[in-house]
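Chemist: I have a structure I would like to understand better, so I am pasting it below and will then ask my questions one at a time.
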Amino acid sequence: MLSTVSTTPAAVTPASETVQRLFSAAAEAFAAKGFHATTTRDIASRAGLSPAGVYVHFASKEDLLFHLSRDGHEEALALVTEAVAGADSPAEALAATMSRFSAWHAENYAIARVVQHEFPHLSDAHRAEVLALRKRIDQAVRDVLAAGKQSGDFLLDDIPDTALALLSIIVDVARWYTPALHRTSAQIGATNAALGLRLVGYRGGQINQSGSRAIH
């Protein structure tokens with residue numbers, strides 16, 4: 001944990017209902033207007049608080065963005081790690097990662113937009129902590145690709161570029177998704193899982209959207 005985090009008031013806890021309201025309000029505001037165009041008054045108003053309410057829990061607007069970004073990246077890392085750990089093969093691991101991570105971006109599209117696109121506005125120390133989490137997510141995908149290449153399940157030349165392409169497919173969901181679409185998060189996840197397997201040249205048995213080999 002970086003020392004700069006200690007400047008945030010101790011009231012910031014996962015169990016705080018007010019903090020969760022501020023997270024939701026900030027995600028909506030940042031996603032709609034961007035970090036610089038959003039004011040603490042905007043966030044407080046959306047959360048049903050007075051303009052000074054933000055500063056009871058966070059040292060600044062940037063500090064709120066940091067906690068929102070860090071928590072979002074930690075949740076994403078846990079999701080990817082669990083998807084890989086629960087798979088029996090590289091193909092199942094990739095399908096599960098593509099499916100669940102894509103669905104997460106649809107179900108949490110406002111937070112995902114902030115997590116994926118607003119972190120450059122963080123301070124150097126906060127950005128470094130968030131980037132470290134992003135690298136761990138990227139490495140988890142690279143490890144799956146490396147295992148698939150070694151086993152012969154995947155046909156690919158450049159693991160870093162392929163990981164970037166796969167993660168770009170996932171991340172882009174938050175850009176175009178809206179609740180008005182007639183596609184469920186599960187459908188989006190299944191589509192991206194199939195795309196991911198085709199992208200790596202998988203030619204084995206059918207894999208369902210959860211990452212398990214389909215039974216016929």
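Quick note on naming: the chains in the structure tokens go A, B, ... in the order shown, residues restart at 1 in each chain, and ligands are numbered from 1 in order of appearance.
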For range 51-105 of chain A versus range 151-172 of chain A, which residues have an atom no more than 7 Å away, and what is each residue's nearest atom pair and distance in Å rounded to one decimal, using only C-alpha atoms, chain-then-number order, as a Markdown table?

Modeler:
```
| residue | atom | partner | partner_atom | distance |
| --- | --- | --- | --- | --- |
| A:Met98 | CA | A:Ile170 | CA | 6.7 |
| A:Phe101 | CA | A:Ile170 | CA | 6.6 |
| A:Ser102 | CA | A:Ile170 | CA | 4.9 |
| A:His105 | CA | A:Val171 | CA | 6.9 |
```

Chemist: For the residues in that selection, give me N, CA and C atoms as a CSV table (one decimal), in the first residue's frame.

Modeler:
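Result file out-v3.csv:
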```
chain,number,residue,atom,x,y,z
A,98,MET,N,-12.8,-14.5,-21.0
A,98,MET,CA,-13.4,-13.6,-22.0
A,98,MET,C,-14.9,-13.5,-21.6
A,101,PHE,N,-15.3,-11.6,-17.8
A,101,PHE,CA,-14.8,-10.3,-17.8
A,101,PHE,C,-15.6,-9.4,-18.7
A,102,SER,N,-16.0,-9.9,-19.9
A,102,SER,CA,-16.9,-9.1,-20.8
A,102,SER,C,-18.2,-8.8,-20.1
A,105,HIS,N,-18.0,-6.1,-17.6
A,105,HIS,CA,-18.0,-4.7,-18.3
A,105,HIS,C,-19.4,-4.3,-18.7
```

Chemist: Mind the document's chain letters and residue numbers, and return as a ChimeraX atom specification the residues of range 136-209 of chain A that DSSP labels helix (DSSP H, G or I).

Modeler: /A:136-151,159-171,173-176,185-199

Chemist: Which one of A:Glu118, A:Glu129, A:Asp138, A:Glu17 sits closest to Val80 in chain A if you count only C-alpha atoms?

Modeler: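 Looking at the shortest contact to Val80 in chain A, the residue is A:Asp138.
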
Chemist: Using only C-alpha atoms for the distances, tell me which of A:Ile207, A:Ala25, A:Leu131, A:Ala180 is nearest to Leu195 in chain A.

Modeler: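 Among the listed residues, the smallest separation from Leu195 in chain A belongs to A:Ile207.
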
Chemist: So which one's closest to Ser24 in chain A, A:Val141, A:Leu77, A:Val114, A:Ala186? Using only C-alpha atoms, please.

Modeler: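 Once distances to Ser24 in chain A are computed over only C-alpha atoms, the minimum belongs to A:Val114.
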
Chemist: A:Leu145, A:Leu65, A:Val200, A:Ala85: which is nearest His36 in chain A, counting only C-alpha atoms?

Modeler: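 Closest residue, counting only C-alpha atoms: A:Leu65.
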
Chemist: Nearest to Lys149 in chain A: which of A:Ser16, A:Ala76, A:Ser89, A:Thr81 is it, counting only C-alpha atoms?

Modeler: A:Ser89

Chemist: Report as a list in words all protein, DNA and RNA residues lying within 10 Å of Ala91 in chain A, evaluated on only C-alpha atoms, omitting residues in the same chain fewer than 4 positions from it.

Modeler: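 Counting only the stated atoms, we get Val84, Ala87, Ala95, Ala96, Thr97, Val144, Leu145, Ala147, Gly148, Asp153, Phe154, Ala193, Gly196, Leu197, Val200, Tyr202, Arg203, Gly204, Gly205, Gln206, Ile207, Gly211, Ser212 and Arg213 of chain A.
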